[in-house]
>>> print(open('model.txt').read())   # compact mmCIF, C-alpha atoms and all ligand atoms
# COMPACT_ATOMS: atom_id res chain seq x y z
CA MET A 214 16.05 3.22 -25.76
CA THR A 215 13.32 2.10 -23.40
CA VAL A 216 10.21 4.28 -23.02
CA VAL A 217 8.10 4.03 -19.85
CA GLY A 218 5.63 6.35 -18.16
CA ALA A 219 2.95 4.61 -16.11
CA ARG A 220 3.01 2.53 -12.94
CA PRO A 221 2.65 -0.98 -14.44
CA GLN A 222 5.59 -0.26 -16.73
CA PHE A 223 7.92 0.45 -13.83
CA VAL A 224 7.27 -3.05 -12.47
CA LYS A 225 8.01 -4.67 -15.86
CA LEU A 226 11.05 -2.45 -16.35
CA ALA A 227 12.70 -3.76 -13.19
CA PRO A 228 13.65 -7.26 -14.45
CA LEU A 229 13.91 -6.09 -18.05
CA SER A 230 16.33 -3.24 -17.52
CA ARG A 231 18.67 -5.43 -15.45
CA ALA A 232 18.76 -8.04 -18.21
CA LEU A 233 19.09 -5.52 -21.04
CA ARG A 234 22.01 -3.75 -19.40
CA ARG A 235 23.97 -6.98 -19.36
CA HIS A 236 23.91 -6.91 -23.19
CA VAL A 237 23.48 -3.36 -24.52
CA ARG A 238 23.53 0.29 -23.47
CA GLU A 239 20.06 1.36 -22.41
CA VAL A 240 18.84 4.95 -22.52
CA LEU A 241 15.77 5.22 -20.29
CA VAL A 242 13.00 7.72 -21.07
CA HIS A 243 10.17 8.50 -18.62
CA THR A 244 7.28 10.27 -20.34
CA GLY A 245 5.89 11.63 -17.08
CA GLN A 246 2.40 10.13 -17.62
CA HIS A 247 2.49 9.16 -13.94
CA TYR A 248 4.25 11.75 -11.82
CA ASP A 249 3.05 11.52 -8.18
CA ARG A 250 5.54 10.19 -5.67
CA GLU A 251 3.23 7.24 -4.94
CA MET A 252 2.58 6.48 -8.61
CA SER A 253 6.16 6.81 -9.86
CA ASP A 254 9.13 7.75 -7.61
CA VAL A 255 8.48 5.09 -4.99
CA PHE A 256 8.78 2.38 -7.67
CA PHE A 257 12.12 3.71 -8.86
CA SER A 258 13.55 3.70 -5.35
CA GLU A 259 11.99 0.44 -4.11
CA LEU A 260 12.88 -1.59 -7.21
CA ALA A 261 16.28 0.11 -7.59
CA LEU A 262 15.41 1.19 -11.14
CA PRO A 263 18.00 3.23 -13.01
CA ALA A 264 17.21 6.95 -12.97
CA PRO A 265 15.63 8.01 -16.27
CA ASP A 266 18.15 9.60 -18.65
CA ARG A 267 15.36 11.81 -20.00
CA HIS A 268 12.16 12.89 -18.27
CA LEU A 269 9.56 14.40 -20.59
CA GLY A 270 7.19 15.69 -17.90
CA VAL A 271 4.05 15.42 -20.04
CA GLY A 272 1.66 14.93 -17.08
CA SER A 273 -2.05 14.20 -17.29
CA GLY A 274 -4.69 15.24 -19.79
CA PRO A 275 -7.23 13.87 -22.23
CA HIS A 276 -5.93 10.98 -24.36
CA GLY A 277 -5.26 13.03 -27.49
CA ALA A 278 -3.49 15.88 -25.74
CA MET A 279 -1.42 13.53 -23.56
CA THR A 280 -0.39 11.26 -26.42
CA GLY A 281 0.27 14.26 -28.68
CA ARG A 282 2.59 15.90 -26.14
CA MET A 283 4.43 12.60 -25.74
CA LEU A 284 4.84 12.16 -29.50
CA GLU A 285 6.29 15.62 -29.94
CA ALA A 286 8.73 15.29 -27.06
CA LEU A 287 9.72 11.70 -27.95
CA GLU A 288 10.43 12.56 -31.55
CA ALA A 289 12.94 15.21 -30.45
CA VAL A 290 14.62 12.82 -28.00
CA LEU A 291 14.82 10.03 -30.59
CA VAL A 292 16.41 12.34 -33.14
CA GLU A 293 18.97 13.55 -30.57
CA GLU A 294 19.85 10.13 -29.13
CA GLY A 295 19.61 8.09 -32.36
CA PRO A 296 18.96 4.71 -30.69
CA ALA A 297 19.41 1.44 -32.62
CA LEU A 298 16.04 0.19 -31.35
CA VAL A 299 13.16 1.36 -29.15
CA VAL A 300 11.57 -0.85 -26.47
CA VAL A 301 7.99 -0.24 -25.29
CA LEU A 302 6.04 -2.20 -22.69
CA GLY A 303 2.38 -3.02 -22.15
CA ASP A 304 -0.55 -0.96 -23.38
CA THR A 305 -0.58 2.56 -21.98
CA ASN A 306 -0.56 5.87 -23.83
CA SER A 307 3.22 5.96 -23.22
CA THR A 308 3.51 2.60 -25.06
CA LEU A 309 1.64 3.87 -28.10
CA ALA A 310 3.50 7.18 -28.22
CA GLY A 311 6.90 5.46 -27.97
CA ALA A 312 6.07 2.97 -30.71
CA LEU A 313 4.54 5.52 -33.06
CA ALA A 314 7.28 8.14 -32.69
CA ALA A 315 9.98 5.51 -33.33
CA ALA A 316 8.23 3.80 -36.24
CA LYS A 317 7.66 7.12 -38.03
CA LEU A 318 11.40 7.78 -37.80
CA GLY A 319 12.10 4.36 -39.30
CA LEU A 320 13.50 2.96 -36.04
CA PRO A 321 12.80 -0.67 -35.13
CA VAL A 322 10.36 -1.16 -32.25
CA ALA A 323 10.31 -4.05 -29.76
CA HIS A 324 6.99 -4.52 -27.91
CA VAL A 325 7.13 -6.37 -24.61
CA GLU A 326 3.73 -7.96 -23.81
CA ALA A 327 2.73 -8.09 -27.47
CA GLY A 328 -0.36 -9.91 -28.74
CA LEU A 329 -2.72 -9.39 -25.81
CA ARG A 330 -6.33 -8.72 -26.78
CA SER A 331 -9.51 -8.08 -24.82
CA PHE A 332 -11.42 -7.64 -28.13
CA ASP A 333 -13.09 -4.58 -26.60
CA LEU A 334 -12.17 -1.52 -28.61
CA ARG A 335 -13.87 0.80 -26.11
CA MET A 336 -10.84 0.31 -23.87
CA PRO A 337 -8.06 2.81 -24.58
CA GLU A 338 -5.58 0.04 -23.71
CA GLU A 339 -6.96 -2.23 -26.47
CA ILE A 340 -6.45 0.53 -29.05
CA ASN A 341 -2.93 1.10 -27.76
CA ARG A 342 -2.08 -2.62 -27.93
CA ARG A 343 -3.33 -3.15 -31.44
CA LEU A 344 -1.68 -0.08 -32.93
CA THR A 345 1.60 -0.77 -31.13
CA ASP A 346 1.73 -4.38 -32.35
CA HIS A 347 1.10 -3.30 -35.94
CA VAL A 348 4.12 -0.94 -36.01
CA SER A 349 6.46 -3.22 -34.04
CA ASP A 350 9.31 -5.28 -35.52
CA LEU A 351 9.91 -7.53 -32.52
CA LEU A 352 6.76 -8.87 -30.85
CA LEU A 353 7.68 -10.36 -27.51
CA CYS A 354 4.68 -12.41 -26.41
CA PRO A 355 4.00 -13.77 -22.93
CA THR A 356 1.76 -16.70 -23.96
CA PRO A 357 0.77 -18.94 -26.89
CA THR A 358 -2.60 -17.15 -26.94
CA ALA A 359 -0.79 -13.88 -27.64
CA VAL A 360 1.14 -15.49 -30.51
CA ARG A 361 -2.15 -16.78 -31.97
CA ASN A 362 -3.85 -13.40 -31.63
CA LEU A 363 -1.07 -11.83 -33.70
CA ALA A 364 -1.28 -14.58 -36.34
CA HIS A 365 -5.02 -13.85 -36.72
CA GLU A 366 -4.10 -10.26 -37.54
CA GLY A 367 -1.50 -11.39 -40.07
CA ILE A 368 1.51 -10.64 -37.85
CA ARG A 369 3.96 -13.56 -38.08
CA HIS A 370 7.41 -12.02 -38.51
CA GLY A 371 9.50 -11.10 -35.49
CA VAL A 372 7.10 -12.89 -33.13
CA HIS A 373 8.72 -14.61 -30.12
CA ARG A 374 7.10 -16.37 -27.19
CA VAL A 375 9.29 -15.40 -24.26
CA GLY A 376 7.12 -15.80 -21.14
CA ASP A 377 5.90 -13.10 -18.84
CA VAL A 378 8.12 -10.37 -17.35
CA MET A 379 5.72 -9.94 -14.43
CA ALA A 380 6.48 -13.56 -13.50
CA ASP A 381 10.14 -12.48 -13.41
CA ALA A 382 9.26 -9.59 -11.11
CA VAL A 383 7.33 -11.88 -8.75
CA ARG A 384 10.21 -14.38 -8.70
CA LEU A 385 12.70 -11.61 -7.90
CA TRP A 386 10.74 -9.76 -5.24
CA LEU A 387 8.27 -12.07 -3.54
CA PRO A 388 10.77 -13.29 -0.91
CA ARG A 389 11.48 -9.67 0.11
CA ALA A 390 7.79 -8.76 0.00
CA ARG A 391 6.94 -11.67 2.34
CA ARG A 392 9.46 -10.46 4.93
CA ARG A 393 7.76 -7.06 5.20
CA ARG A 394 5.79 -6.26 8.30
CA PRO A 395 2.09 -5.56 7.62
CA ALA A 396 1.76 -1.81 7.16
CA ILE A 397 -2.01 -1.39 7.32
CA LYS A 398 -3.64 -1.49 10.76
CA GLY A 399 -6.43 -4.00 11.41
CA ILE A 400 -5.48 -6.21 8.47
CA VAL A 401 -4.61 -9.78 9.38
CA ARG A 402 -2.97 -12.27 7.04
CA GLY A 403 -5.53 -14.47 5.25
CA ALA A 404 -8.49 -12.57 6.71
CA TYR A 405 -9.04 -9.74 4.22
CA TYR A 406 -9.79 -8.98 0.57
CA LEU A 407 -7.68 -6.69 -1.57
CA ALA A 408 -9.46 -4.50 -4.13
CA THR A 409 -8.44 -1.92 -6.72
CA VAL A 410 -10.49 0.02 -9.26
CA HIS A 411 -9.13 2.56 -11.71
CA ARG A 412 -10.09 1.59 -15.27
CA GLN A 413 -11.74 4.35 -17.25
CA GLU A 414 -14.80 2.11 -17.90
CA ASN A 415 -15.39 1.82 -14.11
CA ALA A 416 -13.96 5.00 -12.63
CA ASP A 417 -15.56 7.34 -15.16
CA ASP A 418 -19.01 5.67 -15.15
CA PRO A 419 -20.95 6.77 -12.03
CA GLY A 420 -23.29 3.73 -12.12
CA ARG A 421 -20.45 1.23 -12.40
CA LEU A 422 -18.29 2.95 -9.79
CA ALA A 423 -21.26 3.01 -7.37
CA GLY A 424 -21.90 -0.70 -8.11
CA VAL A 425 -18.31 -1.68 -7.29
CA LEU A 426 -18.27 0.40 -4.09
CA GLU A 427 -21.60 -1.10 -3.01
CA ALA A 428 -20.26 -4.63 -3.58
CA LEU A 429 -17.04 -3.93 -1.66
CA SER A 430 -18.98 -2.34 1.20
CA SER A 431 -21.07 -5.52 1.65
CA LEU A 432 -18.12 -7.96 1.95
CA ARG A 433 -17.90 -9.88 5.22
CA HIS A 434 -14.16 -9.50 5.69
CA PRO A 435 -12.15 -6.28 5.83
CA THR A 436 -11.27 -5.03 2.33
CA VAL A 437 -8.14 -3.02 1.61
CA LEU A 438 -8.80 -0.55 -1.20
CA PRO A 439 -5.70 1.38 -2.33
CA LEU A 440 -7.16 4.34 -4.18
CA HIS A 441 -5.80 5.30 -7.60
CA PRO A 442 -5.88 9.12 -8.09
CA ARG A 443 -8.39 8.80 -10.95
CA THR A 444 -10.83 6.93 -8.68
CA ALA A 445 -10.26 9.28 -5.76
CA GLN A 446 -11.07 12.26 -7.99
CA ARG A 447 -14.26 10.62 -9.31
CA MET A 448 -15.50 9.54 -5.87
CA GLU A 449 -14.99 13.06 -4.58
CA ALA A 450 -16.73 14.67 -7.57
CA LEU A 451 -19.71 12.26 -7.38
CA GLY A 452 -19.95 12.26 -3.58
CA LEU A 453 -19.50 8.46 -3.54
CA LYS A 454 -18.23 6.75 -0.40
CA ALA A 455 -17.15 3.25 0.60
CA GLY A 456 -18.72 1.86 3.78
CA GLY A 457 -18.81 -1.49 5.58
CA LEU A 458 -15.38 -2.94 6.32
CA VAL A 459 -13.55 -1.11 3.51
CA HIS A 460 -10.16 0.42 4.43
CA LEU A 461 -9.35 3.22 2.00
CA VAL A 462 -5.58 3.66 1.70
CA PRO A 463 -3.29 5.57 -0.70
CA PRO A 464 -1.71 3.77 -3.69
CA GLN A 465 0.73 1.20 -2.28
CA PRO A 466 4.30 0.49 -3.39
CA TYR A 467 4.97 -2.68 -5.38
CA LEU A 468 6.38 -4.85 -2.57
CA GLU A 469 3.46 -4.01 -0.32
CA MET A 470 1.01 -4.85 -3.13
CA LEU A 471 2.76 -8.20 -3.67
CA ARG A 472 2.51 -9.01 0.03
CA LEU A 473 -1.11 -7.88 0.20
CA GLN A 474 -2.03 -9.93 -2.87
CA SER A 475 -0.26 -13.06 -1.69
CA GLU A 476 -1.97 -13.03 1.72
CA ALA A 477 -5.50 -11.98 0.68
CA ARG A 478 -8.51 -14.35 0.61
CA ALA A 479 -9.18 -12.98 -2.88
CA VAL A 480 -8.29 -10.01 -5.07
CA LEU A 481 -11.07 -7.90 -6.62
CA THR A 482 -9.73 -5.68 -9.38
CA ASP A 483 -10.11 -4.16 -12.82
CA SER A 484 -6.34 -4.01 -13.32
CA GLY A 485 -4.79 -6.21 -15.99
CA GLY A 486 -1.53 -6.64 -14.11
CA MET A 487 -3.14 -7.58 -10.82
CA GLN A 488 -5.26 -10.32 -12.39
CA LYS A 489 -2.04 -11.93 -13.47
CA GLU A 490 -0.15 -11.23 -10.25
CA ALA A 491 -2.96 -12.80 -8.22
CA TYR A 492 -2.76 -15.83 -10.55
CA LEU A 493 1.02 -16.06 -10.17
CA LEU A 494 0.66 -15.86 -6.39
CA GLY A 495 -2.11 -18.48 -6.17
CA THR A 496 -4.77 -16.03 -4.95
CA PRO A 497 -8.25 -16.23 -6.54
CA CYS A 498 -9.22 -13.12 -8.51
CA ILE A 499 -12.57 -11.49 -9.23
CA THR A 500 -12.27 -9.17 -12.19
CA LEU A 501 -14.55 -6.13 -12.21
CA ARG A 502 -14.73 -6.09 -16.01
CA GLU A 503 -16.67 -7.88 -18.76
CA THR A 504 -13.56 -9.05 -20.63
CA THR A 505 -9.96 -9.91 -19.93
CA GLU A 506 -6.87 -10.08 -22.08
CA TRP A 507 -5.38 -12.65 -19.63
CA VAL A 508 -7.79 -15.39 -20.73
CA GLU A 509 -5.60 -18.18 -19.32
CA THR A 510 -6.44 -17.05 -15.78
CA LEU A 511 -10.13 -17.89 -16.28
CA ARG A 512 -9.48 -21.65 -16.41
CA GLY A 513 -10.71 -23.59 -13.41
CA GLY A 514 -12.22 -20.52 -11.79
CA ALA A 515 -8.87 -18.94 -10.77
CA ASN A 516 -10.26 -15.68 -12.14
CA ARG A 517 -13.95 -14.75 -12.62
CA LEU A 518 -15.39 -11.91 -14.68
CA THR A 519 -18.21 -10.05 -12.94
CA GLY A 520 -18.34 -6.56 -14.40
CA ALA A 521 -19.45 -3.93 -11.88
CA ASP A 522 -22.74 -5.61 -10.89
CA PRO A 523 -22.93 -6.00 -7.07
CA ARG A 524 -24.90 -9.26 -7.31
CA ARG A 525 -22.45 -10.89 -9.71
CA ILE A 526 -19.53 -9.74 -7.55
CA ALA A 527 -21.18 -11.17 -4.40
CA ARG A 528 -21.83 -14.49 -6.16
CA ALA A 529 -18.21 -14.74 -7.34
CA VAL A 530 -16.89 -14.02 -3.82
CA ALA A 531 -19.25 -16.67 -2.39
CA ALA A 532 -18.03 -19.23 -4.98
CA VAL A 533 -14.38 -18.61 -4.10
CA GLU A 534 -15.14 -18.82 -0.37
CA ARG A 535 -17.00 -22.12 -0.85
CA LYS A 536 -14.19 -23.84 -2.75
CA ARG A 537 -10.81 -22.27 -3.27
CA PRO A 538 -9.58 -23.05 -6.79
CA ARG A 539 -6.01 -24.38 -7.28
CA TRP A 540 -3.70 -24.13 -10.29
CA ASP A 541 -0.06 -24.12 -11.40
CA PRO A 542 0.87 -20.70 -12.82
CA ARG A 543 4.21 -21.86 -14.26
CA LEU A 544 2.39 -23.80 -16.98
CA THR A 545 0.95 -20.56 -18.33
CA TYR A 546 3.26 -17.64 -17.74
CA GLY A 547 6.67 -19.25 -17.89
CA ASP A 548 9.55 -19.78 -15.53
CA GLY A 549 10.25 -16.20 -14.49
CA HIS A 550 13.19 -15.81 -16.91
CA ALA A 551 11.44 -13.89 -19.70
CA ALA A 552 13.60 -10.77 -19.34
CA GLU A 553 16.81 -12.63 -20.17
CA ARG A 554 15.21 -14.09 -23.32
CA ILE A 555 13.95 -10.66 -24.34
CA ALA A 556 17.37 -9.09 -23.76
CA THR A 557 19.07 -11.75 -25.90
CA ILE A 558 16.64 -11.18 -28.78
CA ILE A 559 16.97 -7.40 -28.53
CA ALA A 560 20.78 -7.55 -28.33
CA ALA A 561 20.88 -9.66 -31.51
CA ALA A 562 18.62 -7.16 -33.30
CA VAL A 563 20.79 -4.24 -32.17
CA ARG A 564 24.00 -6.00 -33.28
CA SER A 565 22.52 -6.74 -36.69
CA ARG A 566 22.05 -2.99 -37.28
CA ARG A 567 25.62 -1.99 -36.45
C1 LIG B 1 -2.93 4.30 -16.99
C2 LIG B 1 -3.05 3.34 -18.17
C3 LIG B 1 -3.63 2.02 -17.68
C4 LIG B 1 -2.87 1.47 -16.50
C5 LIG B 1 -2.83 2.53 -15.41
C6 LIG B 1 -2.08 2.08 -14.18
C7 LIG B 1 -3.49 4.46 -20.31
C8 LIG B 1 -4.50 4.66 -21.37
N1 LIG B 1 -3.93 3.86 -19.21
O1 LIG B 1 -4.26 4.59 -16.57
O2 LIG B 1 -3.58 1.08 -18.74
O3 LIG B 1 -3.52 0.31 -16.00
O4 LIG B 1 -2.19 3.70 -15.95
O5 LIG B 1 -2.10 3.04 -13.17
O6 LIG B 1 -2.35 4.80 -20.49
N2 LIG B 1 -2.96 10.96 -11.95
C9 LIG B 1 -2.45 11.54 -10.82
N3 LIG B 1 -1.14 11.30 -10.51
C10 LIG B 1 -0.36 10.50 -11.27
C11 LIG B 1 -0.90 9.92 -12.42
C12 LIG B 1 -2.21 10.15 -12.76
O7 LIG B 1 -3.13 12.26 -10.11
O8 LIG B 1 0.82 10.32 -10.92
C13 LIG B 1 -4.36 11.21 -12.31
C14 LIG B 1 -4.45 12.04 -13.56
O9 LIG B 1 -4.59 13.35 -13.27
C15 LIG B 1 -5.67 11.49 -14.26
C16 LIG B 1 -5.84 10.09 -13.71
O10 LIG B 1 -4.97 9.97 -12.60
O11 LIG B 1 -6.80 12.22 -13.89
C17 LIG B 1 -5.58 9.05 -14.74
O12 LIG B 1 -4.22 8.99 -15.16
P1 LIG B 1 -3.84 8.41 -16.60
O13 LIG B 1 -2.38 8.26 -16.72
O14 LIG B 1 -4.59 9.14 -17.63
O15 LIG B 1 -4.47 6.99 -16.68
P2 LIG B 1 -4.59 5.82 -15.63
O16 LIG B 1 -6.01 5.74 -15.22
O17 LIG B 1 -3.53 5.91 -14.57
>>> encode(input="model.txt", output="structure tokens")
Amino acid sequence: MTVVGARPQFVKLAPLSRALRRHVREVLVHTGQHYDREMSDVFFSELALPAPDRHLGVGSGPHGAMTGRMLEALEAVLVEEGPALVVVLGDTNSTLAGALAAAKLGLPVAHVEAGLRSFDLRMPEEINRRLTDHVSDLLLCPTPTAVRNLAHEGIRHGVHRVGDVMADAVRLWLPRARRRRPAIKGIVRGAYYLATVHRQENADDPGRLAGVLEALSSLRHPTVLPLHPRTAQRMEALGLKAGGLVHLVPPQPYLEMLRLQSEARAVLTDSGGMQKEAYLLGTPCITLRETTEWVETLRGGANRLTGADPRRIARAVAAVERKRPRWDPRLTYGDGHAAERIATIIAAAVRSRR
């Protein structure tokens, strides 16, 4: 049984589910953490994801309430379906709920993207990652750093370095993404920045959100800013606006985001997934956070941490404009065949329980 619920998980699910279904029967559960058409349905249709077998419809809420509703609903589904193993991905509340519900029922858990650490426990995602790793039986790590992080916490059994499933997704879909016609008016290939901001630490802190918007509004090239619902709600409540050359657009589907990232002068983001996608696509990234779990991307200036300070952001953009860094992403995140390795490991674990 695979448990997903939030946007970044749908992207990882695409290569994974294809590979898994070549080996085992997969029951797909959608928690309903993300439920808008733009945040969920469009990914299922665009990436031809299998329809969820179960949809829990938990919706939004504070962390405790959301995770609690997921736990209760997942426990019932797990008891009914009796899977041989439960797969969770990434670091969202849906990841934690899936892992915890399964582990408490004595079911083995496989965590895809295990071992990542930002070492900042104020991030809900860091709490989710750590707890999930500590109740998982199979820890499917994208990088050697992730393997080392687990070893430091005493986790050595069931650890596999498999490469990165997002590299698989880029390999599968970049050719199609590149053939798309630009969908946003006034945006010319190679002549714009792409920005996103949604992390709790930025969106829910008025000073930081204002700092990011000020920085984006002063950029000298047009900046596409697809607005996550959390950020849209906060901007509205605080009366914050983006000015300058910022184009506010709704959340974009995956293929459009791939195209936008691959053709941008730079990506400015607080997303974990986009830091890595930008790296895989050869686009410099400026990360609007103080830490990153994708530490490999920092080498050679491919990615720069600036927090939400407008001056630091402006300096990082100027540095990237002066000299565009170059790197080879394959050395870090694998060959784009992680999903097949993961599926083989999971299939062996499932067979050993029969
Ligand atoms: C979640 C993940 C984060 C991931 C992000 C990607 C956690 C702790 N965080 O953050 O790691 O990077 O997804 O998007 O799980 N909302 C809608 N429509 C939706 C979904 C959400 O309007 O379809 C609104 C909710 O009402 C809520 C806000 O967006 O106010 C935040 O949603 P939530 O799922 O709590 O967290 P994200 O910020 O999306």
>>> closest_residue(input="model.txt", among="A:Glu414, A:Glu509, A:Asp249, A:Glu293", to="A:Ser484", atoms="only C-alpha atoms")
A:Glu414
>>> closest_residue(input="model.txt", among="A:Val410, A:Val322, A:Ala380, A:Ala315", to="ligand LIG 1 (chain B)", atoms="only C-alpha atoms and all ligand atoms")
A:Val410
>>> residues_near_ligand(input="model.txt", ligand="ligand LIG 1 (chain B)", cutoff="7 Å", atoms="only C-alpha atoms and all ligand atoms", output="list of chain:residue names")
A:Ala219, A:Arg220, A:Pro221, A:Gln246, A:His247, A:Tyr248, A:Asp249, A:Met252, A:Ser253, A:Ser273, A:Gly274, A:Asp304, A:Thr305, A:Asn306, A:Ser307, A:Pro337, A:Glu338, A:His411, A:Arg412, A:Gln413, A:His441, A:Pro442, A:Arg443, A:Ser484, A:Gly485
>>> axis_aligned_box(input="model.txt", around="stretch 421-428 of chain A", padding_each_side="8 Å", output="lines of an AutoDock Vina configuration file")
center_x = -20.1
center_y = -0.8
center_z = -7.7
size_x = 19.6
size_y = 23.6
size_z = 25.4
>>> atom_distance(input="model.txt", atom1="atom CA of A:Leu501", atom2="atom CA of A:Thr409")
9.2 Å
>>> atom_distance(input="model.txt", atom1="atom CA of A:Leu352", atom2="atom CA of A:Lys489")
19.7 Å
>>> residues_around(input="model.txt", residues="A:Gln465", least_positions_apart="2", cutoff="10 Å", atoms="all atoms listed in the file", output="JSON, numbers by chain")
{"A": [251, 252, 255, 256, 396, 438, 439, 440, 441, 462, 463, 467, 468, 469, 470, 471, 473]}
>>> residues_around(input="model.txt", residues="A:Leu318", least_positions_apart="2", cutoff="9 Å", atoms="only C-alpha atoms", output="list in words")
Glu288, Leu291, Val292, Leu313, Ala314, Ala315, Ala316, Leu320 and Pro321 of chain A
>>> closest_residue(input="model.txt", among="A:Asp377, A:Asp483, A:Glu427, A:Asp254", to="A:Ala551", atoms="all atoms listed in the file")
A:Asp377
>>> atom_distance(input="model.txt", atom1="atom CA of A:Gln446", atom2="atom CA of A:Gly270")
21.1 Å
>>> residues_near_point(input="model.txt", point="(16.4, -13.2, -28.1)", cutoff="12 Å", atoms="all atoms listed in the file", output="ChimeraX atom specification")
/A:232-233,236,323,351-354,371-376,550-564
>>> closest_residue(input="model.txt", among="A:Tyr492, A:Phe332, A:Phe257, A:Phe223", to="A:Ser475", atoms="only C-alpha atoms")
A:Tyr492
>>> closest_residue(input="model.txt", among="A:Arg535, A:His365, A:Lys317, A:Arg472", to="A:Arg389", atoms="all atoms listed in the file")
A:Arg472
>>> closest_residue(input="model.txt", among="A:Arg384, A:Arg234, A:Arg566, A:Arg512", to="A:Thr545", atoms="only C-alpha atoms")
A:Arg512
>>> decode(input="model.txt", residues="stretch 372-377 of chain A", atoms="all heavy atoms", output="CSV table (one decimal), in the first residue's frame")
chain,number,residue,atom,x,y,z
A,372,VAL,N,19.0,-0.1,5.2
A,372,VAL,CA,19.3,1.2,4.5
A,372,VAL,C,19.8,0.9,3.1
A,372,VAL,O,20.8,0.1,3.0
A,372,VAL,CB,20.3,2.0,5.3
A,372,VAL,CG1,20.7,3.2,4.6
A,372,VAL,CG2,19.8,2.3,6.7
A,373,HIS,N,19.3,1.5,2.1
A,373,HIS,CA,19.7,1.3,0.7
A,373,HIS,C,19.9,2.6,0.1
A,373,HIS,O,19.0,3.5,0.1
A,373,HIS,CB,18.7,0.5,-0.1
A,373,HIS,CG,18.3,-0.8,0.5
A,373,HIS,ND1,18.9,-2.0,0.0
A,373,HIS,CD2,17.5,-1.2,1.5
A,373,HIS,CE1,18.5,-3.0,0.7
A,373,HIS,NE2,17.6,-2.6,1.6
A,374,ARG,N,21.0,2.8,-0.6
A,374,ARG,CA,21.2,4.0,-1.5
A,374,ARG,C,20.7,3.7,-2.9
A,374,ARG,O,21.2,2.8,-3.5
A,374,ARG,CB,22.6,4.4,-1.5
A,374,ARG,CG,22.8,5.6,-2.4
A,374,ARG,CD,24.3,5.9,-2.6
A,374,ARG,NE,24.4,6.9,-3.7
A,374,ARG,CZ,25.6,7.2,-4.3
A,374,ARG,NH1,26.7,6.5,-3.9
A,374,ARG,NH2,25.6,8.0,-5.2
A,375,VAL,N,19.6,4.3,-3.3
A,375,VAL,CA,18.9,4.0,-4.5
A,375,VAL,C,19.0,5.1,-5.6
A,375,VAL,O,18.6,4.8,-6.7
A,375,VAL,CB,17.5,3.6,-4.3
A,375,VAL,CG1,17.4,2.2,-3.5
A,375,VAL,CG2,16.7,4.7,-3.5
A,376,GLY,N,19.4,6.3,-5.2
A,376,GLY,CA,19.3,7.4,-6.1
A,376,GLY,C,17.9,8.1,-5.9
A,376,GLY,O,17.2,7.8,-5.0
A,377,ASP,N,17.7,9.1,-6.7
A,377,ASP,CA,16.6,10.0,-6.4
A,377,ASP,C,15.4,9.9,-7.4
A,377,ASP,O,15.6,10.0,-8.6
A,377,ASP,CB,17.2,11.5,-6.6
A,377,ASP,CG,16.3,12.5,-5.9
A,377,ASP,OD1,15.1,12.5,-6.3
A,377,ASP,OD2,16.7,13.2,-5.1
